[in-house]
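**Student:** So I've got this file, upload04.txt, and it contains compact mmCIF, C-alpha atoms:
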# COMPACT_ATOMS: atom_id res chain seq x y z
CA MET A 1 115.70 -94.27 -65.31
CA ILE A 2 116.06 -90.48 -65.41
CA LEU A 3 115.16 -88.97 -68.77
CA GLU A 4 117.55 -86.44 -70.29
CA HIS A 5 115.03 -83.60 -70.16
CA GLU A 6 114.22 -84.03 -66.46
CA ILE A 7 115.37 -81.74 -63.65
CA PRO A 8 114.98 -82.44 -59.90
CA GLN A 9 111.61 -81.53 -58.44
CA GLY A 10 111.69 -78.13 -56.73
CA THR A 11 114.52 -76.72 -58.86
CA LYS A 12 113.95 -73.77 -61.18
CA LEU A 13 114.43 -73.33 -64.91
CA TYR A 14 113.90 -69.85 -66.36
CA PHE A 15 114.22 -69.13 -70.07
CA GLY A 16 112.77 -66.77 -72.66
CA LEU A 17 109.97 -64.66 -71.14
CA SER A 18 110.43 -65.91 -67.57
CA ALA A 19 114.19 -65.21 -67.65
CA LYS A 20 113.49 -61.75 -69.10
CA ILE A 21 111.01 -60.94 -66.30
CA LYS A 22 113.43 -62.23 -63.67
CA ARG A 23 116.26 -60.03 -64.93
CA LYS A 24 113.95 -57.02 -65.24
CA ILE A 25 112.68 -57.14 -61.65
CA GLU A 26 116.20 -57.78 -60.30
CA ASN A 27 117.53 -54.75 -62.19
CA LEU A 28 114.64 -52.58 -60.98
CA ALA A 29 115.24 -53.72 -57.41
CA CYS A 30 118.98 -52.95 -57.62
CA GLU A 31 118.28 -49.43 -58.89
CA ILE A 32 115.80 -48.71 -56.09
CA PHE A 33 118.09 -50.11 -53.41
CA TYR A 34 121.07 -48.02 -54.51
CA GLN A 35 118.90 -44.91 -54.72
CA ASN A 36 117.92 -45.47 -51.08
CA GLY A 37 121.43 -45.95 -49.72
CA TYR A 38 121.65 -49.77 -49.69
CA GLU A 39 124.76 -51.79 -50.52
CA GLU A 40 124.74 -55.33 -51.89
CA ILE A 41 125.88 -58.43 -50.02
CA LEU A 42 126.16 -61.98 -51.37
CA THR A 43 126.50 -64.61 -48.67
CA PRO A 44 128.00 -68.11 -49.15
CA PHE A 45 125.83 -71.01 -50.25
CA PHE A 46 127.39 -73.09 -47.46
CA VAL A 47 126.84 -72.29 -43.76
CA TYR A 48 128.12 -73.95 -40.59
CA LEU A 49 125.13 -75.76 -39.15
CA GLU A 50 125.72 -74.32 -35.68
CA HIS A 51 125.13 -70.83 -37.12
CA GLN A 52 121.56 -71.73 -38.03
CA LYS A 53 119.14 -70.53 -35.36
CA ASN A 54 117.16 -73.75 -35.54
CA PHE A 55 119.54 -76.44 -36.75
CA SER A 56 117.00 -79.15 -35.86
CA ASN A 57 114.83 -77.91 -38.74
CA ARG A 58 114.24 -80.92 -41.00
CA SER A 59 114.06 -78.69 -44.07
CA ILE A 60 117.76 -77.80 -43.83
CA ILE A 61 120.01 -79.66 -46.28
CA ARG A 62 122.96 -81.03 -44.30
CA LEU A 63 126.49 -81.80 -45.52
CA SER A 64 129.96 -82.26 -44.03
CA SER A 65 133.01 -80.04 -44.49
CA GLN A 66 136.57 -81.18 -45.19
CA ASN A 67 137.18 -81.25 -41.42
CA ASN A 68 133.95 -83.18 -40.86
CA HIS A 69 132.15 -80.18 -39.39
CA GLN A 70 128.44 -80.14 -40.06
CA ILE A 71 127.47 -77.55 -42.64
CA SER A 72 124.28 -76.82 -44.54
CA LEU A 73 123.13 -75.11 -47.69
CA ARG A 74 121.85 -71.58 -47.12
CA TYR A 75 118.31 -71.95 -45.73
CA ASP A 76 117.67 -68.36 -44.57
CA THR A 77 119.55 -65.32 -45.86
CA THR A 78 118.50 -62.91 -43.10
CA ILE A 79 120.08 -64.89 -40.27
CA ASP A 80 123.28 -65.47 -42.22
CA ALA A 81 123.56 -61.90 -43.52
CA ILE A 82 123.10 -60.33 -40.09
CA ARG A 83 125.67 -62.70 -38.56
CA ILE A 84 128.25 -61.92 -41.25
CA ILE A 85 127.60 -58.16 -41.15
CA THR A 86 127.94 -57.98 -37.37
CA LYS A 87 130.63 -60.59 -36.73
CA ARG A 88 132.82 -60.45 -39.85
CA LEU A 89 132.30 -57.03 -41.43
CA GLY A 90 131.60 -55.04 -38.27
CA ARG A 91 135.13 -53.66 -37.95
CA THR A 92 135.49 -52.72 -41.61
CA THR A 93 132.21 -50.93 -42.35
CA ASP A 94 129.54 -48.91 -40.59
CA GLN A 95 127.02 -49.55 -43.37
CA LYS A 96 123.58 -50.38 -41.92
CA LYS A 97 121.53 -50.94 -45.07
CA TRP A 98 122.09 -54.06 -47.16
CA PHE A 99 120.35 -55.92 -49.95
CA TYR A 100 120.82 -59.29 -51.62
CA ILE A 101 119.55 -61.13 -54.69
CA GLN A 102 120.14 -64.86 -54.28
CA PRO A 103 118.30 -68.14 -53.67
CA VAL A 104 117.76 -70.10 -50.48
CA LEU A 105 117.62 -73.87 -50.56
CA SER A 106 115.61 -76.38 -48.56
CA TYR A 107 115.26 -80.16 -48.38
CA PRO A 108 115.19 -82.05 -50.59
CA THR A 109 115.89 -79.94 -53.73
CA ASN A 110 113.87 -76.74 -53.39
CA GLU A 111 115.26 -73.49 -54.81
CA ILE A 112 113.58 -70.22 -53.80
CA TYR A 113 114.87 -67.03 -55.41
CA GLN A 114 114.69 -63.95 -53.22
CA ILE A 115 115.35 -60.22 -53.31
CA GLY A 116 115.86 -59.01 -49.78
CA ALA A 117 116.64 -55.95 -47.68
CA GLU A 118 118.06 -55.84 -44.17
CA CYS A 119 118.40 -52.62 -42.18
CA LEU A 120 120.27 -52.75 -38.87
CA GLU A 121 118.34 -49.84 -37.39
CA SER A 122 115.43 -50.44 -35.01
CA ASP A 123 113.54 -47.30 -36.06
CA ALA A 124 113.73 -47.93 -39.81
CA PHE A 125 110.46 -49.87 -40.12
CA PRO A 126 108.53 -46.97 -41.76
CA GLN A 127 111.22 -46.72 -44.45
CA ILE A 128 111.25 -50.49 -44.97
CA LEU A 129 107.47 -50.53 -45.37
CA ARG A 130 107.60 -47.73 -47.94
CA LEU A 131 110.48 -49.43 -49.76
CA GLY A 132 108.52 -52.67 -50.07
CA ALA A 133 105.50 -50.83 -51.50
CA MET A 134 107.81 -48.97 -53.89
CA MET A 135 109.20 -52.29 -55.14
CA MET A 136 105.74 -53.64 -55.92
CA GLN A 137 104.85 -50.44 -57.75
CA SER A 138 108.03 -50.69 -59.85
CA PHE A 139 107.06 -54.28 -60.76
CA GLU A 140 103.63 -52.95 -61.86
CA LEU A 141 101.89 -55.02 -59.18
CA LYS A 142 99.03 -53.92 -56.92
CA PRO A 143 98.85 -56.60 -54.22
CA ILE A 144 97.07 -56.39 -50.88
CA LEU A 145 99.29 -54.99 -48.11
CA GLN A 146 98.50 -56.80 -44.85
CA ILE A 147 100.03 -55.55 -41.59
CA SER A 148 100.02 -57.32 -38.23
CA ASN A 149 101.76 -57.10 -34.86
CA VAL A 150 103.19 -60.23 -33.25
CA LYS A 151 103.20 -58.53 -29.85
CA ILE A 152 99.40 -58.37 -29.90
CA LEU A 153 99.21 -62.11 -30.50
CA LYS A 154 101.67 -62.85 -27.70
CA ALA A 155 99.87 -60.52 -25.27
CA CYS A 156 96.53 -62.20 -25.99
CA ALA A 157 97.99 -65.68 -25.54
CA GLU A 158 99.53 -64.67 -22.21
CA ASP A 159 96.34 -63.01 -20.98
CA LEU A 160 94.19 -66.01 -21.89
CA GLY A 161 96.66 -68.66 -20.79
CA VAL A 162 96.52 -70.13 -24.30
CA GLU A 163 99.52 -71.67 -26.05
CA MET A 164 100.72 -69.80 -29.12
CA GLU A 165 100.30 -73.04 -31.05
CA ALA A 166 96.53 -72.68 -30.64
CA PHE A 167 96.69 -69.46 -32.64
CA ARG A 168 99.03 -71.03 -35.18
CA LYS A 169 96.57 -73.87 -35.80
CA MET A 170 93.67 -71.37 -35.75
CA GLN A 171 91.71 -73.26 -33.12
CA ILE A 172 89.30 -70.35 -33.02
CA GLU A 173 86.57 -72.15 -31.09
CA ASP A 174 88.94 -72.70 -28.14
CA ILE A 175 90.22 -69.14 -28.21
CA LEU A 176 86.83 -67.42 -28.49
CA THR A 177 85.54 -69.13 -25.36
CA SER A 178 88.45 -67.61 -23.43
CA GLY A 179 88.00 -63.91 -24.17
CA SER A 180 85.31 -61.83 -25.86
CA TYR A 181 87.79 -59.25 -27.18
CA ILE A 182 89.31 -61.91 -29.46
CA ALA A 183 86.16 -61.87 -31.59
CA ASP A 184 86.51 -58.08 -31.94
CA LEU A 185 90.16 -58.42 -32.98
CA LEU A 186 89.24 -60.99 -35.62
CA LYS A 187 86.76 -58.55 -37.18
CA ILE A 188 89.35 -55.80 -37.67
CA GLN A 189 90.37 -55.25 -41.27
CA THR A 190 90.42 -51.54 -42.09
CA GLN A 191 92.13 -48.59 -40.45
CA ALA A 192 88.72 -47.35 -39.30
CA ASP A 193 87.99 -50.73 -37.68
CA LEU A 194 91.28 -50.59 -35.83
CA GLU A 195 90.99 -47.01 -34.61
CA SER A 196 87.41 -47.48 -33.41
CA PHE A 197 88.42 -50.55 -31.37
CA ILE A 198 91.46 -49.05 -29.63
CA PRO A 199 89.51 -46.95 -27.04
CA ILE A 200 87.48 -49.99 -25.92
CA ALA A 201 90.29 -52.54 -26.17
CA PRO A 202 91.80 -54.08 -23.03
CA LYS A 203 94.45 -51.75 -21.59
CA PHE A 204 97.26 -54.27 -22.10
CA LEU A 205 96.61 -54.21 -25.86
CA GLN A 206 96.17 -50.52 -26.53
CA ASP A 207 99.83 -49.52 -27.00
CA GLN A 208 100.48 -52.29 -29.50
CA LEU A 209 97.22 -51.59 -31.33
CA ARG A 210 98.29 -47.94 -31.64
CA ALA A 211 101.67 -49.07 -33.00
CA LEU A 212 99.80 -51.10 -35.60
CA ALA A 213 97.51 -48.20 -36.50
CA MET A 214 100.50 -45.89 -36.97
CA CYS A 215 101.57 -47.98 -39.98
CA ALA A 216 98.85 -46.32 -42.04
CA SER A 217 100.81 -43.06 -41.80
CA TYR A 218 104.11 -44.71 -42.76
CA CYS A 219 102.90 -45.82 -46.15
CA HIS A 220 99.94 -44.32 -47.99
CA TYR A 221 98.99 -47.51 -49.80
CA GLU A 222 95.54 -47.85 -51.31
CA ASN A 223 94.96 -51.58 -50.71
CA MET A 224 95.96 -51.90 -47.04
CA ILE A 225 94.37 -54.19 -44.44
CA PHE A 226 95.14 -54.91 -40.79
CA SER A 227 95.19 -58.36 -39.16
CA PRO A 228 96.04 -58.02 -35.45
CA LEU A 229 96.02 -61.79 -34.83
CA ASP A 230 97.93 -62.89 -37.92
CA PHE A 231 100.78 -65.27 -37.12
CA ALA A 232 104.25 -64.42 -38.49
CA PRO A 233 105.41 -67.30 -40.71
CA VAL A 234 109.05 -66.56 -39.84
CA ASP A 235 109.80 -67.21 -36.18
CA TYR A 236 112.34 -64.40 -35.66
CA TYR A 237 109.83 -61.67 -36.51
CA ASN A 238 108.83 -60.37 -33.09
CA ASP A 239 107.03 -57.08 -33.70
CA LEU A 240 105.34 -55.43 -36.69
CA VAL A 241 105.04 -57.73 -39.72
CA PHE A 242 103.79 -57.01 -43.22
CA ARG A 243 103.12 -59.07 -46.31
CA MET A 244 101.98 -58.27 -49.83
CA PHE A 245 99.96 -60.83 -51.76
CA ALA A 246 97.44 -61.39 -54.54
CA GLY A 247 95.40 -64.57 -54.79
CA ASN A 248 97.62 -67.53 -53.93
CA HIS A 249 100.83 -65.58 -54.57
CA THR A 250 102.84 -64.06 -51.71
CA PHE A 251 105.12 -61.45 -53.23
CA LEU A 252 106.76 -60.01 -50.12
CA LEU A 253 107.17 -60.72 -46.42
CA GLY A 254 108.87 -58.36 -43.98
CA GLY A 255 108.96 -57.01 -40.48
CA LYS A 256 110.95 -56.18 -37.37
CA TYR A 257 113.22 -58.74 -35.73
CA THR A 258 116.10 -59.18 -33.29
CA ILE A 259 119.09 -61.28 -34.39
CA GLU A 260 122.52 -61.32 -32.73
CA GLY A 261 121.04 -58.96 -30.13
CA ILE A 262 120.46 -56.24 -32.73
CA GLU A 263 116.99 -54.85 -33.41
CA SER A 264 116.59 -54.64 -37.17
CA CYS A 265 113.98 -54.80 -39.90
CA GLY A 266 113.78 -55.96 -43.47
CA PHE A 267 111.84 -57.87 -46.09
CA GLY A 268 112.17 -60.63 -48.65
CA ILE A 269 110.57 -60.61 -52.10
CA TYR A 270 109.62 -64.03 -53.45
CA VAL A 271 110.88 -63.69 -56.99
CA ASP A 272 109.39 -66.98 -58.21
CA ASP A 273 105.87 -65.89 -57.23
CA VAL A 274 106.34 -62.50 -58.89
CA ILE A 275 107.49 -64.17 -62.12
CA ASP A 276 104.65 -66.69 -62.10
CA HIS A 277 102.07 -63.93 -61.57
CA GLN A 278 103.59 -61.69 -64.25
CA ILE A 279 103.50 -64.51 -66.79
CA LYS A 280 99.84 -65.27 -66.03
CA ILE A 281 98.75 -61.65 -66.55
CA SER A 282 100.98 -61.00 -69.60
Once more with this new file: its structure as structure tokens, please.
**Tutor:**
Amino acid sequence: MILEHEIPQGTKLYFGLSAKIKRKIENLACEIFYQNGYEEILTPFFVYLEHQKNFSNRSIIRLSSQNNHQISLRYDTTIDAIRIITKRLGRTTDQKKWFYIQPVLSYPTNEIYQIGAECLESDAFPQILRLGAMMMQSFELKPILQISNVKILKACAEDLGVEMEAFRKMQIEDILTSGSYIADLLKIQTQADLESFIPIAPKFLQDQLRALAMCASYCHYENMIFSPLDFAPVDYYNDLVFRMFAGNHTFLLGGKYTIEGIESCGFGIYVDDVIDHQIKIS
């Protein structure tokens, strides 16, 4: 028996203070986006399954259309937004900066509210990084800003002949026996750590380490750390990646990626985590 007050596990109910906080941060985000030349896009809840990059993902909620085509509920806004912008809107607009405020849904009944930005310009990462920090400041949050570079991780795996999965599972004991420079990379946290290691780093890593170090000049953020071997939790991020977090709350995840053959960058703000944190400190 399902009681009248119950809602499915993973779904969200916001009311009173939580609803007020949600509306406030969404309004602040809209204002900042428009001030920085972004336009809003709202993508459909339903997506053809073949348009998902990884349609074998067991977290995707699958349905059937009226013509018995396989469709799914929106699992990732970035992939869908870039596809629609490039394939459907490409002939009608030359706008490169877009934002959205909408949930994604995963199996079985999980709702995740997001505020996101996508910029279809490969050299816009510095602006995206600053925009993310600006958002957190407007929400009156001071999380840690962690920056990494997926290309460093891939270069190390290739050099050592180690599968990327070993890094993902953090099998550090296996990795450390393969290369002494890995231990040095793991110790890097500050800008000073990074810059002092670059001259003595293996040659094949130096360019990507410099690219990582340059991020300090893109965004003058007080609480910034560097993690060269951090693994991107989203598989299409293939270059610089940044996240902002406090305690067990991840507020923002962003980076550079290539989708539909277009080098772009963007971020997603996890609204539910922001609301939960704001309520706890209020």
**Student:** Counting all atoms listed in the file, which residue out of A:Ile262, A:Ile128, A:Leu229, A:Leu89 sits closest to Ala155 (chain A)?
**Tutor:**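 Ranking A:Ile262, A:Ile128, A:Leu229, A:Leu89 by distance to Ala155 (chain A), first place goes to A:Leu229.
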**Student:** Using CA of Ser59 (chain A) and CA of Asp235 (chain A) as the two end points, give the distance in Å to one decimal.
**Tutor:**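 A separation of 14.6 Å between them.
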**Student:** Got a sec: who's within 6 Å of region 105-107 of chain A, counting all atoms listed in the file, leaving out chain neighbours fewer than 4 positions off, as a count of residues only?
**Tutor:** 6
**Student:** For each of A:Tyr48, A:Tyr113, A:Tyr100, A:Phe242, take the minimum atom-to-atom distance to Leu13 (chain A), counting all atoms listed in the file, then give the residue where this is smallest.
**Tutor:** A:Tyr113
**Student:** In Å, rounded to a single decimal, give me how far CA of Met224 (chain A) is from CA of Gln137 (chain A).
**Tutor:**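 CA of Gln137 (chain A) sits 14.0 Å away from CA of Met224 (chain A).
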**Student:** Check the smallest atom-to-atom distance from each of A:Lys96, A:Asp76, A:Ile115, A:Phe45 to Cys30 (chain A) using all atoms listed in the file, then report the winner.
**Tutor:**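 Using all atoms listed in the file, Cys30 (chain A) sits closest to A:Ile115.
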**Student:** Of the candidates A:Ile182, A:Gly247, A:Ile25, A:Trp98, which shows the shortest atom-to-atom distance to Lys142 (chain A), using all atoms listed in the file?
**Tutor:**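 Of all the options, A:Gly247 lies closest to Lys142 (chain A).
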**Student:** Would you mind listing what lies within 8 Å of Thr109 (chain A) as a list in words, with only C-alpha atoms counted and same-chain residues fewer than 6 positions away left out?
**Tutor:** Pro8, Gln9, Gly10 and Thr11 of chain A
**Student:** Could you please give me, as a list in words, the residues of protein, DNA or RNA lying at most 12 Å from (129.9, -81.0, -41.0) in the coordinate frame of the file, considering only C-alpha atoms?
**Tutor:**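 Every residue inside that radius is included here: Phe46, Val47, Tyr48, Leu49, Glu50, His51, Ile61, Arg62, Leu63, Ser64, Ser65, Gln66, Asn67, Asn68, His69, Gln70, Ile71, Ser72 and Leu73 of chain A.
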**Student:** Rounded to one decimal place, report the CA of Ile225 (chain A)-CA of Leu186 (chain A) distance in Å.
**Tutor:**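 Computing it gives 12.3 Å between the two atoms.
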**Student:** Got a sec to check which residues sit within 12 Å of (88.4, -56.6, -40.6), counting all atoms listed in the file, and write them as a list in words?
**Tutor:**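 Result, sorted by chain then residue number: Gln146, Ile147, Ser148, Ala183, Asp184, Leu185, Leu186, Lys187, Ile188, Gln189, Thr190, Gln191, Ala192, Asp193, Leu194, Glu195, Ser196, Phe197, Met224, Ile225, Phe226, Ser227, Pro228, Leu229 and Asp230 of chain A.
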**Student:** Select, from A:Glu163, A:Asp239, A:Glu40, A:Glu31, the residue with the minimum atom-to-atom distance to Ser138 (chain A), counting all atoms listed in the file.
**Tutor:**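 Closest candidate: A:Glu31.
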**Student:** Write out as JSON an axis-aligned box for region 179-195 of chain A: all of its atoms listed in the file, 8 Å added on each side, centre and edge lengths in Å with one decimal.
**Tutor:**
{"center_x": 88.7, "center_y": -55.5, "center_z": -33.1, "size_x": 22.8, "size_y": 32.9, "size_z": 33.9}
**Student:** Of the candidates A:Met134, A:Ile144, A:Val274, A:Leu28, which shows the shortest atom-to-atom distance to Glu222 (chain A), using all atoms listed in the file?
**Tutor:**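 Using all atoms listed in the file, the shortest distance to Glu222 (chain A) belongs to A:Ile144.
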**Student:** Regenerate region 41-67 of chain A at the level of N, CA, C and O atoms and dump it as an mmCIF file, in the coordinates of the input.
**Tutor:**
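Printed below is out_36.cif as written:
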data_model
loop_
_atom_site.group_PDB
_atom_site.id
_atom_site.type_symbol
_atom_site.label_atom_id
_atom_site.label_comp_id
_atom_site.auth_asym_id
_atom_site.auth_seq_id
_atom_site.Cartn_x
_atom_site.Cartn_y
_atom_site.Cartn_z
ATOM 1 N N ILE A 41 125.112 -57.374 -50.666
ATOM 2 C CA ILE A 41 125.880 -58.430 -50.020
ATOM 3 C C ILE A 41 125.454 -59.776 -50.611
ATOM 4 O O ILE A 41 124.265 -60.001 -50.849
ATOM 5 N N LEU A 42 126.416 -60.620 -50.898
ATOM 6 C CA LEU A 42 126.160 -61.980 -51.370
ATOM 7 C C LEU A 42 126.791 -62.930 -50.364
ATOM 8 O O LEU A 42 128.010 -62.915 -50.177
ATOM 9 N N THR A 43 125.982 -63.718 -49.705
ATOM 10 C CA THR A 43 126.500 -64.610 -48.670
ATOM 11 C C THR A 43 126.775 -65.997 -49.257
ATOM 12 O O THR A 43 126.209 -66.364 -50.284
ATOM 13 N N PRO A 44 127.650 -66.784 -48.624
ATOM 14 C CA PRO A 44 128.000 -68.110 -49.150
ATOM 15 C C PRO A 44 126.793 -69.047 -49.222
ATOM 16 O O PRO A 44 125.859 -68.941 -48.431
ATOM 17 N N PHE A 45 126.849 -69.968 -50.169
ATOM 18 C CA PHE A 45 125.830 -71.010 -50.250
ATOM 19 C C PHE A 45 125.933 -71.965 -49.068
ATOM 20 O O PHE A 45 124.941 -72.542 -48.636
ATOM 21 N N PHE A 46 127.154 -72.135 -48.543
ATOM 22 C CA PHE A 46 127.390 -73.090 -47.460
ATOM 23 C C PHE A 46 127.521 -72.349 -46.134
ATOM 24 O O PHE A 46 128.183 -71.316 -46.044
ATOM 25 N N VAL A 47 126.882 -72.907 -45.087
ATOM 26 C CA VAL A 47 126.840 -72.290 -43.760
ATOM 27 C C VAL A 47 127.145 -73.354 -42.726
ATOM 28 O O VAL A 47 126.686 -74.501 -42.852
ATOM 29 N N TYR A 48 127.938 -73.007 -41.694
ATOM 30 C CA TYR A 48 128.120 -73.950 -40.590
ATOM 31 C C TYR A 48 126.772 -74.167 -39.910
ATOM 32 O O TYR A 48 126.064 -73.214 -39.592
ATOM 33 N N LEU A 49 126.448 -75.419 -39.684
ATOM 34 C CA LEU A 49 125.130 -75.760 -39.150
ATOM 35 C C LEU A 49 124.876 -75.089 -37.816
ATOM 36 O O LEU A 49 123.756 -74.686 -37.519
ATOM 37 N N GLU A 50 125.902 -74.931 -37.011
ATOM 38 C CA GLU A 50 125.720 -74.320 -35.680
ATOM 39 C C GLU A 50 125.332 -72.849 -35.770
ATOM 40 O O GLU A 50 124.851 -72.267 -34.792
ATOM 41 N N HIS A 51 125.521 -72.228 -36.951
ATOM 42 C CA HIS A 51 125.130 -70.830 -37.120
ATOM 43 C C HIS A 51 123.663 -70.678 -37.492
ATOM 44 O O HIS A 51 123.153 -69.557 -37.529
ATOM 45 N N GLN A 52 122.992 -71.779 -37.797
ATOM 46 C CA GLN A 52 121.560 -71.730 -38.030
ATOM 47 C C GLN A 52 120.848 -71.603 -36.687
ATOM 48 O O GLN A 52 121.202 -72.273 -35.723
ATOM 49 N N LYS A 53 119.850 -70.738 -36.625
ATOM 50 C CA LYS A 53 119.140 -70.530 -35.360
ATOM 51 C C LYS A 53 118.394 -71.772 -34.909
ATOM 52 O O LYS A 53 118.247 -72.040 -33.731
ATOM 53 N N ASN A 54 117.902 -72.531 -35.867
ATOM 54 C CA ASN A 54 117.160 -73.750 -35.540
ATOM 55 C C ASN A 54 117.735 -74.881 -36.382
ATOM 56 O O ASN A 54 117.200 -75.239 -37.422
ATOM 57 N N PHE A 55 118.875 -75.420 -35.936
ATOM 58 C CA PHE A 55 119.540 -76.440 -36.750
ATOM 59 C C PHE A 55 118.848 -77.787 -36.675
ATOM 60 O O PHE A 55 119.265 -78.735 -37.318
ATOM 61 N N SER A 56 117.779 -77.915 -35.871
ATOM 62 C CA SER A 56 117.000 -79.150 -35.860
ATOM 63 C C SER A 56 115.932 -79.155 -36.949
ATOM 64 O O SER A 56 115.237 -80.147 -37.138
ATOM 65 N N ASN A 57 115.810 -78.041 -37.674
ATOM 66 C CA ASN A 57 114.830 -77.910 -38.740
ATOM 67 C C ASN A 57 115.079 -78.986 -39.800
ATOM 68 O O ASN A 57 116.155 -79.064 -40.394
ATOM 69 N N ARG A 58 114.084 -79.800 -40.070
ATOM 70 C CA ARG A 58 114.240 -80.920 -41.000
ATOM 71 C C ARG A 58 114.288 -80.469 -42.454
ATOM 72 O O ARG A 58 114.586 -81.282 -43.338
ATOM 73 N N SER A 59 114.002 -79.195 -42.709
ATOM 74 C CA SER A 59 114.060 -78.690 -44.070
ATOM 75 C C SER A 59 115.468 -78.269 -44.486
ATOM 76 O O SER A 59 115.713 -77.990 -45.658
ATOM 77 N N ILE A 60 116.388 -78.197 -43.529
ATOM 78 C CA ILE A 60 117.760 -77.800 -43.830
ATOM 79 C C ILE A 60 118.507 -78.956 -44.493
ATOM 80 O O ILE A 60 118.445 -80.096 -44.038
ATOM 81 N N ILE A 61 119.218 -78.655 -45.578
ATOM 82 C CA ILE A 61 120.010 -79.660 -46.280
ATOM 83 C C ILE A 61 121.380 -79.728 -45.639
ATOM 84 O O ILE A 61 122.144 -78.750 -45.659
ATOM 85 N N ARG A 62 121.732 -80.870 -45.064
ATOM 86 C CA ARG A 62 122.960 -81.030 -44.300
ATOM 87 C C ARG A 62 124.063 -81.705 -45.103
ATOM 88 O O ARG A 62 123.812 -82.625 -45.872
ATOM 89 N N LEU A 63 125.300 -81.235 -44.884
ATOM 90 C CA LEU A 63 126.490 -81.800 -45.520
ATOM 91 C C LEU A 63 127.605 -81.832 -44.488
ATOM 92 O O LEU A 63 127.422 -81.434 -43.336
ATOM 93 N N SER A 64 128.786 -82.265 -44.903
ATOM 94 C CA SER A 64 129.960 -82.260 -44.030
ATOM 95 C C SER A 64 131.098 -81.532 -44.719
ATOM 96 O O SER A 64 131.285 -81.650 -45.942
ATOM 97 N N SER A 65 131.874 -80.762 -43.937
ATOM 98 C CA SER A 65 133.010 -80.040 -44.490
ATOM 99 C C SER A 65 134.230 -80.943 -44.560
ATOM 100 O O SER A 65 134.190 -82.107 -44.149
ATOM 101 N N GLN A 66 135.359 -80.392 -45.057
ATOM 102 C CA GLN A 66 136.570 -81.180 -45.190
ATOM 103 C C GLN A 66 137.121 -81.623 -43.834
ATOM 104 O O GLN A 66 137.856 -82.609 -43.748
ATOM 105 N N ASN A 67 136.755 -80.875 -42.778
ATOM 106 C CA ASN A 67 137.180 -81.250 -41.420
ATOM 107 C C ASN A 67 136.078 -81.972 -40.669
ATOM 108 O O ASN A 67 136.126 -82.089 -39.440
#
